[in-house]
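Worksheet: one structure, shown below.
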Amino acid sequence: MTEVRPTAASSASLWERDEEVAAVTRAVDALCADRSSSGGLLVFRGDAGLGKTALLAETRRIAEARGCTVWSARGGETLRSVPFNVVRQLLQPALMSMLPEEAREYLGDWYDIAGPALGIADPGDRQADPQGVCDGLVAAVRRLARRDWPLVLLIDDAHWADQETLHWLASFAERIDGTSVLVVVTRRPDEAPGASARHLDRVAAAAGPVTTLSALTPDATAGLTRATLGTHADAAFCREVWAVTAGNPYETVELLAKVQDSELEPVETRAGELRELNRSARGGGLVARLEELGIDATRFAWAAAILGTGISVDLVAKLATLKPEDARRCAELLRTARILTAPDPTTGRTGEGDLEFVHPLIATAVYNSIPDALCTAMHGIAARIVTDEGHGAAAAARHLLEVHPDDDEELVGQLREAAREHLAVGAPDAARRCLERALKEPPRPETHPHVLYELAEATFLTAPARTISQLRAALGMPGLDGDKRVDAVFRLSQALLHNDQLEEAVRTVEAEAARLRPGPARMRLQAVHFMWEGIHAGEATSPDRSRRLADLASTCTGRDNSERALLILRGFDALMHGENAEVVAELCDRALVNGRLAPGLGWTDTEWGIELLLMLANAYAFTDRLDRAEALYNEALRAYETAGWSGGHLALAHAYVGLGHRRRGRLKEAEASLRESLRLAERVGRGLPLYWSATCNLVDTLLARGHVQEAWDVAEHHGFAPPYPSTIVLPDPRSVRGRLLLAVGRTKDGVNELEAAEKAAAARGHHNPVLVPWAADLARALATEDPARAARLAVDVRRQAERFGTDTAIGEALRCAAALETGQRAVRLAGQAVTYLEASPCQYEHAAARIEYGIAARSVTALRRGLDLAVSCGADGLVARARAELESGAGPR
């Protein structure tokens, strides 16, 4: 029989791993070839004991031999509830070696966002956005990779990594091409639950083909047996070794060590003893062997398994209630028995503690052998030890989660504090686990609704339905009073809105407002009631809603935020109904304090939410006060970027910065902002209002640029078609889709869509021709087929535009009227449109009017002026039209 031997550099666990080692070598060489080399990602998957950890150790040896910096981390079965545990292992040693100023310099703007998650900076006072923290960690690794090139990151047992680390790893894996770093990940198949499994699937997809490790063949097992026991080991004995271990490298190595310890002769006549010897190295056999070492050694091993990480002899001695000398003796016994070992220097984890388990299989077997009652008691003691050493409630939380409920109000307080710490670093799932455990204690009646409220805050961004249930339960108990109760009702209404239960949201706020006496709290809920009604795009609202809102706002002077909110809502309602723009702007101005947002009404404040402030900014944008609108949009963008909010809020901020550019006529800049908004919105979820805002504005901008096919492709890819969202999107998506259909030549469908927009606007009383611009496009589409109706529509557009009163609205109405006329009347109307739009801040519309006037009047000067404007706007369609007219020889009239 031919012996299969590993290379000289390989360990026993690397037999038959030549292909995997070769893949690692190629990846490391590619990384080291050039500083600008693209990143690499390798994923090795295999069952327990197939040599994944040995392969990572070999990767470290290869990388360090080529001068690479290598950082490593390992997931732990009992540590999955500790947020950012694995990514901290990976990055913290390098960051802690820096001076604080140096770390802040390397992380830049991300220091305050990612620093708390990494344990190198104090968290802020408010809940951190999980996506923002994740993006901050991605940025941190990118910057560190530039400093420490060539950098290799090793992550072992990723199936046991905490969910927050896996979120980062998946995001980083998908963007690794732009970072010169090699990441090598090992995992077992089918051991990660829920969201963790989905993150690992994303990592695998980014890695391409995942290498699945296989068991040793009989020939390799024979070679390993003879390399360990001597060449005299006979074939039958070697074959039995393979049969007993099923070719598992770890079990093979452990079994051969037991053979050596027992001085068993490697001959066929002794092969029958291998099976019993193998049982003593795993599962129940391991536990029996542990018990043979004595009760003190067993308690020491149990305490080590409870700790899971940072296993120092002193800490274990405290937990196992052993004298220091007895603890040192037990540690030596367990090292000799190959249960515990000093950390391998090649793993880079020597700073974690004095000891670690020889293999995760052993750690699992020891932990599972602890009697249930004793296990929970030891976790309780461990929590107290961790707290006494000053590590905080979050560090103790993983132990507190395992303690039996016992009506302990102090434990409830610790878990609530741990939840606050988790939320502050961007780990809402960890906070949720703490608060759900606190409810099982249970908390005292006066505390119970507050725990439910805090739990709702932890689940608000991820599980609206669960949040609704928690807040309803909290509000049904005595204990939530005053502003806290009003906050809870507002949060409940927001959750109902996000869960597509807008009517229930309105009823909830209305009922709570009715039970309050007149005052700021009642006025706040009345404002919220009007706000939810105001953003609903579905059925018609009650006919007297605007009157009631106007009556209530007429009593407001802007002395507090409830009154300011009502003024904004009244202004937005007037905007949607097409009332005079001066009235709209005056109402909005009264809601500001010295021209700025009032304290408590900032973009990151949670008392009112983003919807109200977007109403304010949009009211300015569509009344030609673009300076003030853009200031608010950009203020939102800066606030969310600074706070590290990378989810829906940042997506909306980019969308409305893009809308500001679109209104100005900066179409290239608008497209860039809207594409970034859509990228962020994809991560939050399709179909949400923010997703519609990004898509609708991007389609509108691409049409303005003249990129019709690209606009159609975006609409098709992102589902920009009925059914439309239940909340208002600006500009009106039906009108934009109708214009798109006309642009691609589907005239009948376009007319039908614009007529649907007409009906929806009429039901809501939305008569602002700038916000809901269906009529002008429909008039143009019907100019030949039904000129009488087209003319009536043009007259209505002009009447509504003059009522609204902005230069943009009147200029656009005149453009529409000119398009339906011929001869001198068309020239006169087109010239009037130019006059109004020249005074407007909307330069794309001005450019279009110039070109249309130049064509009607056969004016080369007007065409050239319009061409210059169109070029500056990035309106390629207008540019092509103007040039075609000039090249066709249009001369002056």
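Chains: A, B, ... in order of the structure tokens. Residues: from 1 per chain. Ligands: from 1, in order shown.
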
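Taking only C-alpha atoms, the non-local environment of Lys484 in chain A within 12 Å (same-chain residues fewer than 2 positions away omitted) comprises Pro449, His450, Tyr453, Glu454, Leu471, Ala474, Leu475, Gly479, Leu480, Asp481, Gly482, Val486, Asp487, Ala488, Val489, Phe490, Arg491, Ala521 and Glu607 of chain A.
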
Next on the checklist: Which of range 28-221 of chain A end up as helix (DSSP H, G or I) when DSSP is run on this backbone - answer as a PyMOL selection string?
Outcome noted: chain A and resi 28-33+52-65+77-79+85-96+100-118+130-147+158-160+163-174+176-178+194-207+218-221

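The spacing separating CA of His536 in chain A from CA of Glu503 in chain A amounts to 9.1 Å.
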
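Among A:Asp500, A:Glu510, A:Asp551, A:Asp326, the residue with the shortest atom-to-atom distance to Gly687 in chain A, counting only C-alpha atoms, is A:Asp500.
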
Please, which residues in range 604-632 of chain A fall within 12 Å of range 640-650 of chain A when counting only C-alpha atoms, and what is the closest atom pair and distance in Å to one decimal for each, ordered by chain then residue number, as a Markdown table?
```
| residue | atom | partner | partner_atom | distance |
| --- | --- | --- | --- | --- |
| A:Thr604 | CA | A:Tyr640 | CA | 7.1 |
| A:Asp605 | CA | A:Tyr640 | CA | 10.9 |
| A:Thr606 | CA | A:His649 | CA | 11.8 |
| A:Gly609 | CA | A:His649 | CA | 9.8 |
| A:Ile610 | CA | A:His649 | CA | 7.5 |
| A:Glu611 | CA | A:His649 | CA | 10.0 |
| A:Leu613 | CA | A:His649 | CA | 11.7 |
| A:Leu614 | CA | A:His649 | CA | 10.8 |
```

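Note that CA of Arg547 in chain A and CA of Asn768 in chain A are 17.7 Å apart.
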
Checklist entry - Excluding same-chain residues fewer than 4 positions from range 113-116 of chain A, what lies within 10 Å of it counting only C-alpha atoms, as a VMD selection string? => result chain A and resid 92 95 103 to 104 107 to 109 120 to 124 128 to 130 132 to 140 421 to 422 424 to 426 641 to 645

For the selection just defined, write its residues with C-alpha atoms to a file, as a short mmCIF file (atom, residue, chain, number, x, y, z; two decimals), in the first residue's frame.
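As a result, selection06.cif now contains:
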```cif
data_model
loop_
_atom_site.label_atom_id
_atom_site.label_comp_id
_atom_site.auth_asym_id
_atom_site.auth_seq_id
_atom_site.Cartn_x
_atom_site.Cartn_y
_atom_site.Cartn_z
CA GLN A 92 -9.14 45.35 19.11
CA LEU A 95 -6.42 49.41 17.77
CA ALA A 103 -6.82 55.43 16.57
CA ARG A 104 -9.10 58.43 16.10
CA LEU A 107 -10.88 55.78 11.91
CA GLY A 108 -11.67 59.41 11.16
CA ASP A 109 -15.38 60.26 11.16
CA ILE A 120 -12.19 51.55 22.19
CA ALA A 121 -14.58 54.51 22.67
CA ASP A 122 -17.43 55.35 25.01
CA PRO A 123 -20.91 55.02 23.47
CA GLY A 124 -23.15 58.02 22.97
CA ALA A 128 -26.87 53.70 17.51
CA ASP A 129 -28.02 52.68 14.04
CA PRO A 130 -26.93 49.05 13.46
CA GLY A 132 -24.30 52.69 10.46
CA VAL A 133 -22.15 50.78 12.93
CA CYS A 134 -21.72 48.00 10.39
CA ASP A 135 -20.63 50.51 7.73
CA GLY A 136 -18.25 52.04 10.26
CA LEU A 137 -16.63 48.67 10.90
CA VAL A 138 -16.25 48.10 7.16
CA ALA A 139 -14.58 51.51 6.85
CA ALA A 140 -12.34 50.73 9.84
CA GLU A 421 -25.48 49.55 26.61
CA HIS A 422 -26.22 47.20 23.71
CA ALA A 424 -25.83 52.44 22.40
CA VAL A 425 -23.29 50.39 20.43
CA GLY A 426 -25.74 49.31 17.72
CA GLU A 641 -23.79 60.75 8.41
CA THR A 642 -22.35 62.21 11.61
CA ALA A 643 -24.62 60.03 13.76
CA GLY A 644 -23.82 56.96 11.68
CA TRP A 645 -27.43 56.39 10.61
#
```

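Minimum atom-to-atom distance to Leu213 in chain A, evaluated using only C-alpha atoms, belongs to A:Thr53 out of A:Ser36, A:Thr53, A:Ser546, A:Ser171.
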
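What separates CA of Ala591 in chain A from CA of Ala553 in chain A is a distance of 10.9 Å.
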
Checklist entry - Using only C-alpha atoms, which residues sit within 12 Å of Leu793 in chain A once same-chain residues fewer than 4 positions away are excluded, as number ranges by chain? => result A: 755, 758, 769, 773-783, 786-789, 797-800, 813, 816-817, 820

Hey, what's within 12 Å of range 714-719 of chain A if we count only C-alpha atoms and toss same-chain stuff fewer than 4 positions away? As a CSV table (one decimal) with N, CA, C and O atoms, in the first residue's frame, please?
```
chain,number,residue,atom,x,y,z
A,671,GLU,N,-28.9,62.8,-10.2
A,671,GLU,CA,-28.8,61.4,-10.5
A,671,GLU,C,-27.9,60.7,-9.5
A,671,GLU,O,-28.2,59.6,-9.0
A,674,LEU,N,-29.5,60.3,-6.1
A,674,LEU,CA,-30.7,59.4,-6.1
A,674,LEU,C,-30.2,58.0,-6.3
A,674,LEU,O,-30.8,57.0,-5.7
A,675,ARG,N,-29.1,57.7,-7.0
A,675,ARG,CA,-28.6,56.4,-7.1
A,675,ARG,C,-28.1,55.9,-5.8
A,675,ARG,O,-28.2,54.7,-5.4
A,678,LEU,N,-31.0,55.0,-3.6
A,678,LEU,CA,-31.6,53.7,-4.0
A,678,LEU,C,-30.7,52.6,-3.5
A,678,LEU,O,-31.3,51.5,-3.1
A,679,ARG,N,-29.4,52.8,-3.5
A,679,ARG,CA,-28.5,51.7,-3.0
A,679,ARG,C,-28.8,51.5,-1.5
A,679,ARG,O,-28.9,50.3,-1.1
A,681,ALA,N,-31.6,52.3,0.1
A,681,ALA,CA,-32.9,51.8,0.2
A,681,ALA,C,-33.1,50.3,0.0
A,681,ALA,O,-33.9,49.6,0.6
A,682,GLU,N,-32.3,49.8,-0.9
A,682,GLU,CA,-32.3,48.4,-1.2
A,682,GLU,C,-31.9,47.6,0.0
A,682,GLU,O,-32.5,46.5,0.2
A,685,GLY,N,-35.1,47.6,2.4
A,685,GLY,CA,-36.2,46.7,1.9
A,685,GLY,C,-37.0,47.4,0.8
A,685,GLY,O,-37.4,48.6,0.9
A,686,ARG,N,-37.3,46.6,-0.2
A,686,ARG,CA,-38.1,47.1,-1.3
A,686,ARG,C,-39.6,47.3,-0.9
A,686,ARG,O,-40.1,46.7,0.0
A,687,GLY,N,-40.2,48.2,-1.6
A,687,GLY,CA,-41.6,48.4,-1.4
A,687,GLY,C,-41.9,49.5,-0.3
A,687,GLY,O,-43.1,49.9,-0.2
A,688,LEU,N,-40.9,49.9,0.5
A,688,LEU,CA,-41.2,50.9,1.5
A,688,LEU,C,-41.3,52.3,0.9
A,688,LEU,O,-40.8,52.5,-0.2
A,691,TYR,N,-38.2,53.7,-0.5
A,691,TYR,CA,-37.7,53.1,-1.8
A,691,TYR,C,-38.4,53.7,-3.0
A,691,TYR,O,-37.8,54.0,-4.0
A,692,TRP,N,-39.7,54.0,-2.8
A,692,TRP,CA,-40.5,54.7,-3.8
A,692,TRP,C,-40.0,56.1,-4.1
A,692,TRP,O,-39.9,56.6,-5.2
A,693,SER,N,-39.6,56.8,-3.0
A,693,SER,CA,-39.1,58.2,-3.2
A,693,SER,C,-37.9,58.2,-4.0
A,693,SER,O,-37.7,59.0,-4.9
A,694,ALA,N,-36.9,57.3,-3.7
A,694,ALA,CA,-35.7,57.2,-4.5
A,694,ALA,C,-36.0,56.8,-5.9
A,694,ALA,O,-35.4,57.5,-6.9
A,695,THR,N,-36.8,55.8,-6.2
A,695,THR,CA,-37.1,55.3,-7.5
A,695,THR,C,-37.8,56.4,-8.3
A,695,THR,O,-37.4,56.7,-9.5
A,696,CYS,N,-38.8,57.0,-7.8
A,696,CYS,CA,-39.7,57.9,-8.5
A,696,CYS,C,-38.8,59.1,-8.9
A,696,CYS,O,-38.9,59.6,-10.1
A,697,ASN,N,-38.0,59.7,-8.0
A,697,ASN,CA,-37.2,60.8,-8.3
A,697,ASN,C,-36.1,60.5,-9.3
A,697,ASN,O,-35.7,61.3,-10.2
A,698,LEU,N,-35.6,59.3,-9.3
A,698,LEU,CA,-34.5,58.9,-10.2
A,698,LEU,C,-35.1,58.8,-11.6
A,698,LEU,O,-34.6,59.2,-12.6
A,699,VAL,N,-36.3,58.1,-11.7
A,699,VAL,CA,-37.0,58.1,-13.0
A,699,VAL,C,-37.3,59.5,-13.6
A,699,VAL,O,-37.0,59.8,-14.8
A,700,ASP,N,-37.8,60.3,-12.7
A,700,ASP,CA,-38.1,61.7,-13.1
A,700,ASP,C,-36.8,62.4,-13.6
A,700,ASP,O,-36.8,63.1,-14.6
A,701,THR,N,-35.7,62.2,-12.9
A,701,THR,CA,-34.5,62.9,-13.3
A,701,THR,C,-33.9,62.4,-14.6
A,701,THR,O,-33.4,63.1,-15.5
A,702,LEU,N,-34.0,61.1,-14.8
A,702,LEU,CA,-33.5,60.5,-16.0
A,702,LEU,C,-34.3,60.9,-17.2
A,702,LEU,O,-33.8,61.1,-18.3
A,703,LEU,N,-35.6,61.1,-17.0
A,703,LEU,CA,-36.5,61.6,-18.1
A,703,LEU,C,-36.1,63.0,-18.4
A,703,LEU,O,-36.0,63.4,-19.6
A,707,HIS,N,-32.6,60.5,-20.9
A,707,HIS,CA,-32.2,59.2,-20.9
A,707,HIS,C,-33.4,58.3,-20.7
A,707,HIS,O,-33.6,57.6,-19.7
A,708,VAL,N,-34.2,58.2,-21.8
A,708,VAL,CA,-35.5,57.5,-21.6
A,708,VAL,C,-35.4,56.0,-21.4
A,708,VAL,O,-36.1,55.5,-20.5
A,709,GLN,N,-34.5,55.4,-22.2
A,709,GLN,CA,-34.4,53.9,-22.0
A,709,GLN,C,-33.8,53.6,-20.6
A,709,GLN,O,-34.3,52.6,-20.0
A,710,GLU,N,-32.9,54.4,-20.1
A,710,GLU,CA,-32.4,54.2,-18.8
A,710,GLU,C,-33.4,54.3,-17.7
A,710,GLU,O,-33.5,53.6,-16.8
A,723,PRO,N,-49.1,48.3,-7.8
A,723,PRO,CA,-49.8,49.2,-6.9
A,723,PRO,C,-48.9,50.2,-6.2
A,723,PRO,O,-47.7,49.9,-6.0
A,724,TYR,N,-49.4,51.4,-6.0
A,724,TYR,CA,-48.5,52.5,-5.4
A,724,TYR,C,-48.6,52.4,-3.9
A,724,TYR,O,-49.5,51.8,-3.3
A,725,PRO,N,-47.6,53.1,-3.2
A,725,PRO,CA,-47.6,53.0,-1.7
A,725,PRO,C,-48.7,53.8,-1.1
A,725,PRO,O,-49.4,54.6,-1.8
A,733,PRO,N,-46.1,59.8,-8.1
A,733,PRO,CA,-45.5,58.7,-8.9
A,733,PRO,C,-46.4,58.3,-10.1
A,733,PRO,O,-45.9,57.9,-11.1
A,736,VAL,N,-45.4,60.7,-12.8
A,736,VAL,CA,-44.1,60.4,-13.4
A,736,VAL,C,-44.2,59.2,-14.2
A,736,VAL,O,-43.6,59.1,-15.3
A,737,ARG,N,-44.9,58.1,-13.8
A,737,ARG,CA,-45.0,56.9,-14.6
A,737,ARG,C,-45.8,57.2,-15.9
A,737,ARG,O,-45.4,56.7,-17.0
A,738,GLY,N,-46.8,58.0,-15.8
A,738,GLY,CA,-47.5,58.4,-17.0
A,738,GLY,C,-46.6,59.1,-18.0
A,738,GLY,O,-46.6,58.8,-19.2
A,740,LEU,N,-43.4,58.7,-18.2
A,740,LEU,CA,-42.5,57.7,-18.7
A,740,LEU,C,-43.1,56.8,-19.8
A,740,LEU,O,-42.4,56.6,-20.8
A,741,LEU,N,-44.3,56.4,-19.6
A,741,LEU,CA,-45.0,55.6,-20.6
A,741,LEU,C,-45.2,56.4,-21.9
A,741,LEU,O,-45.0,55.8,-23.0
A,744,VAL,N,-41.7,56.4,-23.8
A,744,VAL,CA,-41.3,55.2,-24.5
A,744,VAL,C,-42.3,54.8,-25.6
A,744,VAL,O,-42.1,53.7,-26.2
```

Item to check | Nearest to Val770 in chain A, chosen from A:Glu457, A:Asp201, A:Asp624, A:Glu838, with only C-alpha atoms counted in the distances | outcome: A:Asp624
